[in-house]
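Engineer: Sending over target.txt (compact mmCIF, C-alpha atoms).
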```txt
# COMPACT_ATOMS: atom_id res chain seq x y z
CA MET A 8 13.95 2.42 -24.68
CA THR A 9 17.30 3.93 -25.45
CA ARG A 10 17.17 2.43 -28.91
CA GLU A 11 15.72 4.12 -31.94
CA PRO A 12 11.98 3.57 -32.23
CA LEU A 13 11.45 0.33 -34.11
CA PRO A 14 9.08 0.31 -37.03
CA ASP A 15 7.49 -2.88 -35.70
CA ALA A 16 7.24 -1.71 -32.11
CA GLY A 17 3.51 -1.19 -32.01
CA PRO A 18 0.84 0.90 -33.65
CA PRO A 19 2.08 4.15 -35.19
CA ALA A 20 2.34 6.65 -32.36
CA ARG A 21 1.38 10.23 -32.99
CA ALA A 22 4.00 12.93 -32.48
CA ALA A 23 1.91 14.37 -29.63
CA ASP A 24 1.82 10.99 -27.90
CA LEU A 25 5.59 10.65 -28.23
CA ARG A 26 6.05 14.13 -26.78
CA LEU A 27 3.77 13.29 -23.85
CA ALA A 28 5.64 10.02 -23.33
CA GLY A 29 8.92 12.00 -23.20
CA ALA A 30 7.42 14.32 -20.59
CA TRP A 31 6.15 11.32 -18.59
CA LEU A 32 9.62 9.75 -18.62
CA ALA A 33 11.21 13.02 -17.49
CA ARG A 34 8.64 13.34 -14.69
CA HIS A 35 9.73 9.94 -13.43
CA ASP A 36 13.47 10.61 -13.56
CA LEU A 37 13.89 8.61 -16.77
CA ALA A 38 14.82 11.60 -18.91
CA GLY A 39 17.73 9.63 -20.40
CA ALA A 40 15.36 7.07 -21.90
CA ARG A 41 13.95 7.70 -25.35
CA PRO A 42 10.17 7.42 -25.69
CA THR A 43 9.35 4.48 -27.94
CA PRO A 44 6.14 4.13 -29.97
CA LEU A 45 5.25 1.24 -27.63
CA LEU A 46 5.43 3.44 -24.54
CA ALA A 47 3.69 6.33 -26.30
CA SER A 48 0.78 4.17 -27.40
CA ARG A 49 0.50 2.47 -23.98
CA LEU A 50 0.43 5.82 -22.21
CA ALA A 51 -2.15 7.16 -24.69
CA VAL A 52 -4.42 4.17 -24.06
CA ARG A 53 -3.90 4.55 -20.33
CA ARG A 54 -4.84 8.24 -20.47
CA ARG A 55 -8.08 7.41 -22.26
CA ALA A 56 -8.83 4.58 -19.84
CA ARG A 57 -8.22 6.83 -16.83
CA LEU A 58 -10.51 9.48 -18.27
CA ALA A 59 -13.20 6.86 -18.85
CA ALA A 60 -12.70 5.53 -15.30
CA HIS A 61 -13.16 9.04 -13.94
CA VAL A 62 -16.35 9.39 -16.00
CA ILE A 63 -17.57 6.10 -14.51
CA LEU A 64 -16.97 7.35 -10.95
CA ALA A 65 -18.58 10.71 -11.81
CA ALA A 66 -21.58 8.81 -13.18
CA LEU A 67 -21.74 6.85 -9.92
CA ILE A 68 -21.81 10.09 -7.89
CA LEU A 69 -24.47 11.55 -10.24
CA VAL A 70 -26.65 8.44 -10.12
CA SER A 71 -26.35 8.37 -6.31
CA ALA A 72 -27.29 12.04 -6.13
CA LEU A 73 -30.29 11.42 -8.41
CA ALA A 74 -31.37 8.47 -6.27
CA ALA A 75 -30.96 10.63 -3.17
CA THR A 76 -33.00 13.47 -4.68
CA SER A 77 -35.68 11.01 -5.71
CA ALA A 78 -35.72 9.43 -2.25
CA PHE A 79 -35.72 12.79 -0.56
CA GLY A 80 -38.34 14.42 -2.77
CA GLY A 81 -40.64 11.41 -3.03
CA LEU A 82 -43.96 11.34 -1.32
CA GLN A 83 -43.30 7.90 0.14
CA PRO A 84 -39.94 7.77 1.90
CA HIS A 85 -39.66 3.97 1.67
CA ARG A 86 -40.02 3.70 -2.12
CA PRO A 87 -37.61 0.96 -3.25
CA LEU A 88 -37.49 2.11 -6.89
CA PRO A 89 -34.64 4.69 -6.55
CA LEU A 90 -32.57 2.17 -4.61
CA LEU A 91 -33.19 -0.57 -7.16
CA ALA A 92 -32.32 1.84 -9.97
CA LEU A 93 -29.13 2.83 -8.12
CA THR A 94 -28.14 -0.82 -7.58
CA ALA A 95 -28.76 -1.57 -11.27
CA SER A 96 -26.70 1.49 -12.26
CA VAL A 97 -23.83 0.41 -9.99
CA ALA A 98 -23.91 -3.04 -11.63
CA GLY A 99 -23.87 -1.37 -15.06
CA LEU A 100 -20.91 0.83 -14.08
CA LEU A 101 -19.05 -2.23 -12.79
CA LEU A 102 -19.62 -3.90 -16.12
CA ALA A 103 -18.41 -0.77 -17.93
CA GLN A 104 -15.23 -0.76 -15.83
CA SER A 105 -14.66 -4.44 -16.55
CA LEU A 106 -15.04 -3.81 -20.30
CA LEU A 107 -12.65 -0.88 -20.04
CA ASP A 108 -10.02 -3.04 -18.32
CA ARG A 109 -10.49 -5.71 -20.96
CA TRP A 110 -9.98 -3.11 -23.72
CA VAL A 111 -6.71 -1.90 -22.14
CA ARG A 112 -5.57 -5.48 -21.78
CA ARG A 113 -6.36 -6.24 -25.43
CA VAL A 114 -4.58 -3.12 -26.73
CA ASP A 115 -1.52 -3.93 -24.59
CA GLN A 116 -1.60 -7.52 -25.79
CA ARG A 117 -1.63 -6.35 -29.42
CA ALA A 118 1.28 -3.97 -28.75
CA GLY A 119 3.19 -6.77 -27.03
CA ALA A 120 2.62 -9.15 -29.94
CA THR A 121 4.61 -6.84 -32.25
CA LEU A 122 7.75 -7.00 -30.10
CA SER A 123 10.57 -9.30 -31.10
CA ARG A 124 11.95 -9.31 -27.55
CA ARG A 125 9.85 -9.66 -24.43
CA ALA A 126 10.92 -9.00 -20.86
CA ALA A 127 9.22 -10.03 -17.63
CA HIS A 128 9.84 -10.31 -13.90
CA PRO A 129 10.92 -13.71 -12.56
CA ILE A 130 9.03 -12.76 -9.39
CA GLN A 131 5.77 -10.93 -9.90
CA PRO A 132 5.48 -7.61 -8.06
CA GLY A 133 2.65 -8.10 -5.58
CA TRP A 134 0.31 -5.60 -3.93
CA ARG A 135 2.96 -4.69 -1.35
CA THR A 136 5.17 -3.43 -4.18
CA VAL A 137 2.55 -1.97 -6.49
CA LEU A 138 0.24 -0.38 -3.92
CA GLY A 139 2.37 -0.44 -0.78
CA GLN A 140 1.26 -0.95 2.79
CA PRO A 141 0.67 2.75 3.69
CA TYR A 142 -1.65 3.26 0.69
CA ALA A 143 -3.44 -0.04 1.40
CA VAL A 144 -4.02 0.96 5.04
CA PHE A 145 -5.27 4.38 3.88
CA ALA A 146 -7.67 2.80 1.37
CA VAL A 147 -9.06 0.34 3.93
CA ALA A 148 -9.37 3.05 6.60
CA THR A 149 -11.16 5.41 4.20
CA PHE A 150 -13.56 2.66 3.16
CA ALA A 151 -14.21 1.62 6.78
CA GLY A 152 -14.69 5.24 7.85
CA GLY A 153 -17.15 5.90 5.04
CA MET A 154 -19.11 2.76 5.83
CA VAL A 155 -19.23 3.55 9.57
CA LEU A 156 -20.35 7.09 8.79
CA ALA A 157 -23.11 5.95 6.44
CA GLY A 158 -24.03 3.07 8.77
CA SER A 159 -24.37 5.41 11.74
CA ALA A 160 -26.93 7.47 9.80
CA LEU A 161 -29.10 4.32 9.68
CA ALA A 162 -29.55 4.69 13.44
CA VAL A 163 -31.24 8.09 13.00
CA PRO A 164 -35.04 7.74 13.55
CA GLU A 165 -35.87 10.01 10.58
CA PRO A 166 -36.91 7.71 7.63
CA THR A 167 -35.60 10.12 4.97
CA VAL A 168 -32.15 10.15 6.57
CA ARG A 169 -32.16 6.36 6.71
CA GLN A 170 -33.10 6.08 3.06
CA LEU A 171 -30.37 8.55 2.10
CA ALA A 172 -27.91 6.53 4.20
CA VAL A 173 -28.83 3.43 2.18
CA VAL A 174 -28.13 5.42 -1.00
CA VAL A 175 -24.70 6.40 0.35
CA LEU A 176 -23.99 2.80 1.43
CA ILE A 177 -24.86 1.43 -2.03
CA GLY A 178 -22.74 4.14 -3.67
CA LEU A 179 -19.78 3.43 -1.39
CA LEU A 180 -19.99 -0.31 -1.97
CA GLY A 181 -20.21 0.28 -5.72
CA ALA A 182 -17.18 2.60 -5.71
CA THR A 183 -15.21 0.11 -3.62
CA ALA A 184 -16.12 -2.74 -5.97
CA ILE A 185 -14.98 -0.65 -8.97
CA THR A 186 -11.70 0.23 -7.22
CA ALA A 187 -11.11 -3.40 -6.22
CA MET A 188 -11.71 -4.49 -9.82
CA GLN A 189 -9.24 -1.90 -11.12
CA LEU A 190 -6.66 -2.93 -8.55
CA ARG A 191 -7.05 -6.58 -9.44
CA HIS A 192 -6.55 -5.64 -13.10
CA LEU A 193 -3.40 -3.65 -12.22
CA LEU A 194 -1.90 -6.57 -10.36
CA ARG A 195 -2.79 -9.22 -12.90
CA PHE A 196 -2.63 -7.84 -16.41
CA PRO A 197 0.42 -9.05 -18.34
CA VAL A 198 3.61 -7.03 -18.54
CA VAL A 199 4.38 -5.45 -21.90
CA ALA A 200 8.11 -4.75 -22.02
CA GLU A 201 11.12 -5.42 -24.19
CA ASP A 202 14.02 -4.39 -21.95
CA GLU A 203 14.88 -3.19 -18.47
CA GLU A 204 13.76 0.39 -19.10
CA SER A 205 10.37 -0.54 -20.49
CA LEU A 206 9.94 -3.03 -17.63
CA THR A 207 10.71 -0.21 -15.16
CA ALA A 208 8.21 2.03 -16.99
CA ASP A 209 5.62 -0.74 -16.71
CA VAL A 210 6.11 -0.93 -12.92
CA ILE A 211 5.93 2.89 -12.64
CA MET A 212 2.61 2.90 -14.54
CA ARG A 213 1.17 0.29 -12.18
CA VAL A 214 2.38 2.05 -9.03
CA GLU A 215 1.10 5.41 -10.28
CA ASP A 216 -2.31 3.96 -11.19
CA ALA A 217 -2.60 2.05 -7.90
CA ARG A 218 -1.86 5.19 -5.89
CA GLU A 219 -4.39 7.18 -7.85
CA LEU A 220 -7.01 4.51 -7.20
CA THR A 221 -6.71 5.05 -3.45
CA THR A 222 -7.72 8.72 -3.70
CA PRO A 223 -11.20 8.47 -2.17
CA ASN A 224 -13.10 10.85 -4.46
CA VAL A 225 -16.42 9.03 -4.11
CA GLN A 226 -15.98 8.40 -0.37
CA TRP A 227 -15.47 12.13 0.14
CA SER A 228 -18.28 13.25 -2.17
CA LEU A 229 -21.15 10.92 -1.32
CA PRO A 230 -21.75 11.83 2.35
CA VAL A 231 -22.65 15.34 1.14
CA VAL A 232 -26.10 14.02 0.08
CA LEU A 233 -26.92 13.67 3.79
CA PHE A 234 -25.96 17.23 4.67
CA GLY A 235 -28.92 19.30 5.75
CA THR A 236 -31.12 16.32 6.61
CA ALA A 237 -28.81 14.41 8.99
CA PRO A 238 -28.39 15.59 12.60
CA GLY A 239 -25.62 18.04 13.50
CA TRP A 240 -23.36 15.40 15.10
CA TRP A 241 -23.42 13.41 11.88
CA SER A 242 -22.47 16.44 9.75
CA ALA A 243 -19.64 17.26 12.18
CA ALA A 244 -18.38 13.65 11.99
CA SER A 245 -18.60 13.80 8.21
CA VAL A 246 -16.53 16.99 8.03
CA ALA A 247 -13.98 15.49 10.46
CA TYR A 248 -13.78 12.37 8.25
CA LEU A 249 -13.14 14.55 5.19
CA ILE A 250 -10.46 16.68 6.86
CA LEU A 251 -8.70 13.71 8.43
CA GLY A 252 -8.74 11.86 5.09
CA LEU A 253 -7.39 14.90 3.29
CA VAL A 254 -4.55 15.38 5.78
CA ALA A 255 -3.68 11.66 5.61
CA CYS A 256 -3.76 11.75 1.79
CA VAL A 257 -1.44 14.79 1.60
CA ALA A 258 0.94 13.26 4.19
CA LEU A 259 0.97 9.98 2.29
CA HIS A 260 1.87 11.65 -0.99
CA ALA A 261 4.53 13.78 0.66
CA ARG A 262 6.20 11.10 2.77
CA THR A 263 6.15 7.96 0.64
CA PRO A 264 8.85 7.34 -1.98
CA SER A 265 8.05 8.36 -5.56
CA CYS A 266 6.65 5.86 -8.07
CA ALA A 267 10.01 5.80 -9.88
CA THR A 268 11.88 5.01 -6.64
CA VAL A 269 9.46 2.19 -5.84
CA ALA A 270 9.84 0.82 -9.37
CA ARG A 271 13.63 0.95 -9.23
CA ARG A 272 13.66 -0.83 -5.88
CA ALA A 273 11.34 -3.49 -7.30
CA MET A 274 13.62 -3.93 -10.30
CA SER A 275 16.75 -4.21 -8.18
CA LEU A 276 15.17 -7.01 -6.18
CA ARG A 277 14.35 -8.92 -9.35
CA MET B 268 14.61 -9.90 -15.31
CA ILE B 269 13.84 -12.53 -17.94
CA VAL B 270 14.23 -11.65 -21.61
CA ILE B 271 13.02 -13.85 -24.45
CA ASP B 272 14.32 -13.03 -27.91
CA ALA B 273 12.13 -14.42 -30.67
CA ALA B 274 14.93 -13.90 -33.20
CA SER B 275 17.39 -16.06 -31.23
CA PRO B 276 18.26 -19.52 -32.62
CA VAL B 277 17.87 -20.88 -29.06
CA PRO B 278 14.29 -22.14 -28.53
CA PRO B 279 12.22 -19.93 -26.17
CA PHE B 280 11.75 -22.70 -23.59
CA GLU B 281 15.54 -23.13 -23.37
CA GLN B 282 16.09 -19.36 -23.09
CA LEU B 283 13.62 -19.28 -20.23
CA ARG B 284 14.99 -22.41 -18.53
CA ALA B 285 18.59 -21.21 -18.77
CA GLN B 286 17.81 -17.74 -17.41
CA LEU B 287 15.78 -19.06 -14.48
CA ALA B 288 18.42 -21.72 -13.74
CA ARG B 289 21.19 -19.10 -13.76
CA GLN B 290 19.24 -16.77 -11.47
CA ILE B 291 18.57 -19.64 -9.06
CA GLN B 292 22.22 -20.72 -9.11
CA ASP B 293 23.59 -17.22 -8.55
CA ARG B 294 20.93 -16.67 -5.85
CA THR B 295 19.25 -13.76 -7.61
CA LEU B 296 16.18 -15.88 -6.92
CA ALA B 297 16.31 -16.89 -3.27
CA VAL B 298 15.33 -20.32 -1.97
CA GLY B 299 11.57 -20.30 -1.36
CA ALA B 300 10.87 -17.46 -3.82
CA ARG B 301 7.57 -17.97 -5.57
CA LEU B 302 7.75 -17.98 -9.36
CA PRO B 303 4.88 -16.61 -11.47
CA THR B 304 2.26 -19.12 -12.54
CA ILE B 305 2.88 -20.78 -15.91
CA ARG B 306 -0.13 -19.01 -17.41
CA HIS B 307 0.92 -15.60 -16.10
CA LEU B 308 4.53 -15.88 -17.25
CA ALA B 309 3.35 -17.12 -20.65
CA ALA B 310 1.16 -14.02 -20.99
CA ASP B 311 3.98 -11.72 -19.82
CA LEU B 312 6.45 -13.16 -22.31
CA GLY B 313 4.00 -13.75 -25.16
CA LEU B 314 4.77 -17.48 -25.15
CA ALA B 315 2.55 -20.53 -25.34
CA VAL B 316 1.58 -22.05 -22.00
CA ASN B 317 3.22 -25.34 -23.05
CA THR B 318 6.55 -23.58 -23.69
CA VAL B 319 6.68 -22.15 -20.16
CA GLY B 320 5.36 -25.45 -18.80
CA ARG B 321 8.23 -27.33 -20.43
CA ALA B 322 10.83 -24.94 -18.98
CA TYR B 323 9.29 -25.30 -15.50
CA ARG B 324 9.17 -29.10 -15.87
CA GLU B 325 12.86 -29.25 -16.75
CA LEU B 326 13.76 -26.99 -13.84
CA GLU B 327 11.73 -29.23 -11.58
CA GLU B 328 13.49 -32.34 -12.89
CA ALA B 329 16.83 -30.64 -12.22
CA GLY B 330 15.68 -30.04 -8.64
CA LEU B 331 15.89 -26.28 -8.97
CA ILE B 332 12.19 -25.61 -8.40
CA GLU B 333 9.35 -27.49 -6.80
CA THR B 334 5.64 -27.27 -7.47
CA ARG B 335 3.38 -27.29 -4.44
CA GLY B 336 0.04 -27.99 -6.02
CA ARG B 337 -2.16 -24.95 -6.36
CA ALA B 338 0.21 -22.83 -4.26
CA GLY B 339 2.50 -22.50 -7.29
CA SER B 340 6.15 -23.10 -8.10
CA PHE B 341 8.92 -22.18 -5.68
CA VAL B 342 12.70 -22.06 -5.84
CA SER B 343 13.77 -25.30 -4.24
CA ALA B 344 16.32 -25.79 -1.50
CA ALA B 345 17.49 -28.90 -3.38
CA GLY B 346 19.56 -26.76 -5.74
CA GLU B 347 21.40 -25.36 -2.73
CA GLU B 348 21.96 -28.88 -1.34
CA GLY B 349 23.36 -30.00 -4.70
CA ARG B 350 25.78 -27.10 -4.68
CA GLU B 351 26.87 -28.03 -1.14
CA ARG B 352 27.44 -31.65 -2.20
CA ALA B 353 29.56 -30.45 -5.12
CA ARG B 354 31.59 -28.27 -2.73
CA ARG B 355 32.19 -31.24 -0.40
CA ALA B 356 33.19 -33.48 -3.33
CA ALA B 357 35.58 -30.80 -4.57
CA ALA B 358 37.18 -30.56 -1.12
CA ASP B 359 37.63 -34.36 -1.04
CA TYR B 360 39.10 -34.28 -4.55
CA ALA B 361 41.51 -31.49 -3.56
CA ALA B 362 42.64 -33.58 -0.58
CA VAL B 363 43.32 -36.61 -2.85
CA ILE B 364 45.24 -34.42 -5.32
CA ALA B 365 47.40 -33.03 -2.51
CA SER B 366 48.11 -36.50 -1.08
CA VAL B 367 49.28 -37.99 -4.42
CA GLY B 368 51.24 -34.86 -5.38
CA ILE B 369 49.47 -33.89 -8.65
CA ASP B 370 49.83 -30.20 -9.54
CA ALA B 371 46.79 -27.90 -9.69
CA GLY B 372 46.85 -27.46 -13.49
CA GLU B 373 46.72 -31.20 -14.10
CA ALA B 374 44.05 -31.63 -11.43
CA ILE B 375 41.84 -29.10 -13.24
CA ARG B 376 42.48 -30.85 -16.58
CA ILE B 377 41.38 -34.16 -15.03
CA VAL B 378 38.13 -32.56 -13.85
CA GLN B 379 37.54 -30.95 -17.24
CA ALA B 380 38.11 -34.27 -19.00
CA ALA B 381 35.73 -35.96 -16.58
CA LEU B 382 33.06 -33.33 -17.16
CA THR B 383 33.34 -33.44 -20.94
CA SER B 384 33.44 -37.22 -21.18
CA GLY B 385 30.41 -37.54 -18.94
CA ALA B 386 32.42 -39.54 -16.42
CA ALA B 387 31.11 -37.17 -13.76
CA ALA B 388 27.75 -38.94 -13.89
CA PRO B 389 26.60 -40.15 -10.45
CA ALA B 390 28.49 -43.25 -9.37
CA SER B 391 26.56 -46.39 -8.51
CA SER B 392 27.66 -46.06 -4.90
```
As structure tokens, how would this structure be written, given the file I've shared?

Structural biologist:
Amino acid sequence: MTREPLPDAGPPARAADLRLAGAWLARHDLAGARPTPLLASRLAVRRRARLAAHVILAALILVSALAATSAFGGLQPHRPLPLLALTASVAGLLLAQSLLDRWVRRVDQRAGATLSRRAAHPIQPGWRTVLGQPYAVFAVATFAGGMVLAGSALAVPEPTVRQLAVVVLIGLLGATAITAMQLRHLLRFPVVAEDEESLTADVIMRVEDARELTTPNVQWSLPVVLFGTAPGWWSAASVAYLILGLVACVALHARTPSCATVARRAMSLR
Amino acid sequence: MIVIDAASPVPPFEQLRAQLARQIQDRTLAVGARLPTIRHLAADLGLAVNTVGRAYRELEEAGLIETRGRAGSFVSAAGEEGRERARRAAADYAAVIASVGIDAGEAIRIVQAALTSGAAAPASS
């Protein structure tokens, strides 16, 4: 990336994209590296994909809330229609995420095809490198906590609470499936790099994306649909879950090495 | 890191084979390290699957890597054993040179001549 941008190094990058790529490099202690059109276009595609992924998760929360409202406001508490609609929507959102990942992969593949030199790792960075054990433990614990919380609401005798708990369970499972799919994509999609710096940038992108995936936005938002209808102990447990998760998330971001440090370590081992 | 230069006169499979072989020999890749699958490395480097397959096959024939079915390809301990054998042979050779009184420069020339003429091929014994 220290070389002049090559005319054949990918689709023409806009000046704004190049500027943003420069800022991204500086943020990751790679200020000495020059942003190439390849990096600029990859980061631009990644920004769009992340925005779309956020829209997908927002849609999941909205659909869950709609299903909850429908279940709560319905005359018959055991109507299966909102739950079926929610399940179908989750399947649709999973499909949308899969298409999004495929689009990113195709754009990267096209950018890679224009390079005259290609670089790769002789040993693939696995989940321990890309995600890291602390983030993996946090993700599993958040998922388990959310499931236990929603599962415990199933024990409440009130039918409306039980139906809302099913809505939360479906939403949580859907969000987890989407996250797992994104993580799988991050670990498997081919590297697009031409030298050591672009290979380091590739690892940084993966680490950054993997860490962002573990932020439990949906897990923290969904239990809110049970507030007001669930018993007091459940609401207290839900608030405790949220606060504990928040504290763990902040501690994790503060105490773990930066994405650039992780990437450099990974590169030095390979 | 592995770099494949499409503009190089050296064929891509040979670039890949040579780089992996060097990294195994200089222990950048430790014994037992798992290499990427052929398909994955081909996608990473923008090469055909057959090209990567050929490089892996040649490394396997040289005893540098071993394929364990579906588990993948791993850096083999055989490469390390071969190096150890070479070290032992060199020590024996040095002992012979010392006993017959040949100087070091001539001893090295003898080895070089043997290597270039192919006389260093495995003996029938």

Engineer: Excluding B:Ala273 and residues on its chain fewer than 4 positions from it, collect all residues at most 9 Å away from it, counting all atoms listed in the file, and give them as a list in words.

Structural biologist: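 My list of contacting residues is Leu122, Ser123, Arg124 and Arg125 of chain A; Val277, Pro278 and Pro279 of chain B.
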
Engineer: Give as a PDB file with C-alpha atoms, in the frame of the given file every residue of chain B that touches chain A within 9 Å, counting only C-alpha atoms.

Structural biologist:
```pdb
ATOM      1  CA  MET B 268      14.610  -9.900 -15.310  1.00  0.00           C
ATOM      2  CA  ILE B 269      13.840 -12.530 -17.940  1.00  0.00           C
ATOM      3  CA  VAL B 270      14.230 -11.650 -21.610  1.00  0.00           C
ATOM      4  CA  ILE B 271      13.020 -13.850 -24.450  1.00  0.00           C
ATOM      5  CA  ASP B 272      14.320 -13.030 -27.910  1.00  0.00           C
ATOM      6  CA  ALA B 273      12.130 -14.420 -30.670  1.00  0.00           C
ATOM      7  CA  ALA B 274      14.930 -13.900 -33.200  1.00  0.00           C
ATOM      8  CA  LEU B 287      15.780 -19.060 -14.480  1.00  0.00           C
ATOM      9  CA  GLN B 290      19.240 -16.770 -11.470  1.00  0.00           C
ATOM     10  CA  THR B 295      19.250 -13.760  -7.610  1.00  0.00           C
ATOM     11  CA  LEU B 296      16.180 -15.880  -6.920  1.00  0.00           C
ATOM     12  CA  ALA B 300      10.870 -17.460  -3.820  1.00  0.00           C
ATOM     13  CA  ARG B 301       7.570 -17.970  -5.570  1.00  0.00           C
ATOM     14  CA  LEU B 302       7.750 -17.980  -9.360  1.00  0.00           C
ATOM     15  CA  PRO B 303       4.880 -16.610 -11.470  1.00  0.00           C
ATOM     16  CA  HIS B 307       0.920 -15.600 -16.100  1.00  0.00           C
ATOM     17  CA  LEU B 308       4.530 -15.880 -17.250  1.00  0.00           C
ATOM     18  CA  ALA B 309       3.350 -17.120 -20.650  1.00  0.00           C
ATOM     19  CA  ALA B 310       1.160 -14.020 -20.990  1.00  0.00           C
ATOM     20  CA  ASP B 311       3.980 -11.720 -19.820  1.00  0.00           C
ATOM     21  CA  LEU B 312       6.450 -13.160 -22.310  1.00  0.00           C
ATOM     22  CA  GLY B 313       4.000 -13.750 -25.160  1.00  0.00           C
TER      23      GLY B 313
END
```

Engineer: With distances taken over all atoms listed in the file, which of A:Arg218, A:Ala38, A:Arg57, A:Val246 is nearest to A:Val144?

Structural biologist: A:Arg218

Engineer: Excluding B:Glu327 and its own-chain neighbours fewer than 2 positions away, which residues fall within 12 Å of it when counting all atoms listed in the file? Please give them as an MDAnalysis selection string.

Structural biologist: chainID B and resid 284 287:288 320:325 329:335 340:346

Engineer: Take the residues just selected and output them with C-alpha atoms as a PDB file, in the frame of the given file.

Structural biologist:
```pdb
ATOM      1  CA  ARG B 284      14.990 -22.410 -18.530  1.00  0.00           C
ATOM      2  CA  LEU B 287      15.780 -19.060 -14.480  1.00  0.00           C
ATOM      3  CA  ALA B 288      18.420 -21.720 -13.740  1.00  0.00           C
ATOM      4  CA  GLY B 320       5.360 -25.450 -18.800  1.00  0.00           C
ATOM      5  CA  ARG B 321       8.230 -27.330 -20.430  1.00  0.00           C
ATOM      6  CA  ALA B 322      10.830 -24.940 -18.980  1.00  0.00           C
ATOM      7  CA  TYR B 323       9.290 -25.300 -15.500  1.00  0.00           C
ATOM      8  CA  ARG B 324       9.170 -29.100 -15.870  1.00  0.00           C
ATOM      9  CA  GLU B 325      12.860 -29.250 -16.750  1.00  0.00           C
ATOM     10  CA  ALA B 329      16.830 -30.640 -12.220  1.00  0.00           C
ATOM     11  CA  GLY B 330      15.680 -30.040  -8.640  1.00  0.00           C
ATOM     12  CA  LEU B 331      15.890 -26.280  -8.970  1.00  0.00           C
ATOM     13  CA  ILE B 332      12.190 -25.610  -8.400  1.00  0.00           C
ATOM     14  CA  GLU B 333       9.350 -27.490  -6.800  1.00  0.00           C
ATOM     15  CA  THR B 334       5.640 -27.270  -7.470  1.00  0.00           C
ATOM     16  CA  ARG B 335       3.380 -27.290  -4.440  1.00  0.00           C
ATOM     17  CA  SER B 340       6.150 -23.100  -8.100  1.00  0.00           C
ATOM     18  CA  PHE B 341       8.920 -22.180  -5.680  1.00  0.00           C
ATOM     19  CA  VAL B 342      12.700 -22.060  -5.840  1.00  0.00           C
ATOM     20  CA  SER B 343      13.770 -25.300  -4.240  1.00  0.00           C
ATOM     21  CA  ALA B 344      16.320 -25.790  -1.500  1.00  0.00           C
ATOM     22  CA  ALA B 345      17.490 -28.900  -3.380  1.00  0.00           C
ATOM     23  CA  GLY B 346      19.560 -26.760  -5.740  1.00  0.00           C
TER      24      GLY B 346
END
```

Engineer: Would you list the contacts of A:Val70 as a ChimeraX atom specification, taking every protein, DNA or RNA residue within 12 Å and counting only C-alpha atoms, but skipping same-chain residues closer than 6 positions in sequence?

Structural biologist: /A:62-64,76-77,89-100,174-175,177-178,181-182,225,229,232

Engineer: Just how far from atom CA of B:Arg352 is atom CA of B:Thr383, in Å to one decimal?

Structural biologist: 19.7 Å

Engineer: Report, in Å to a single decimal, how far apart atom CA of A:Ala103 and atom CA of A:Val52 are.

Structural biologist: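 Those two atoms sit 16.1 Å apart.
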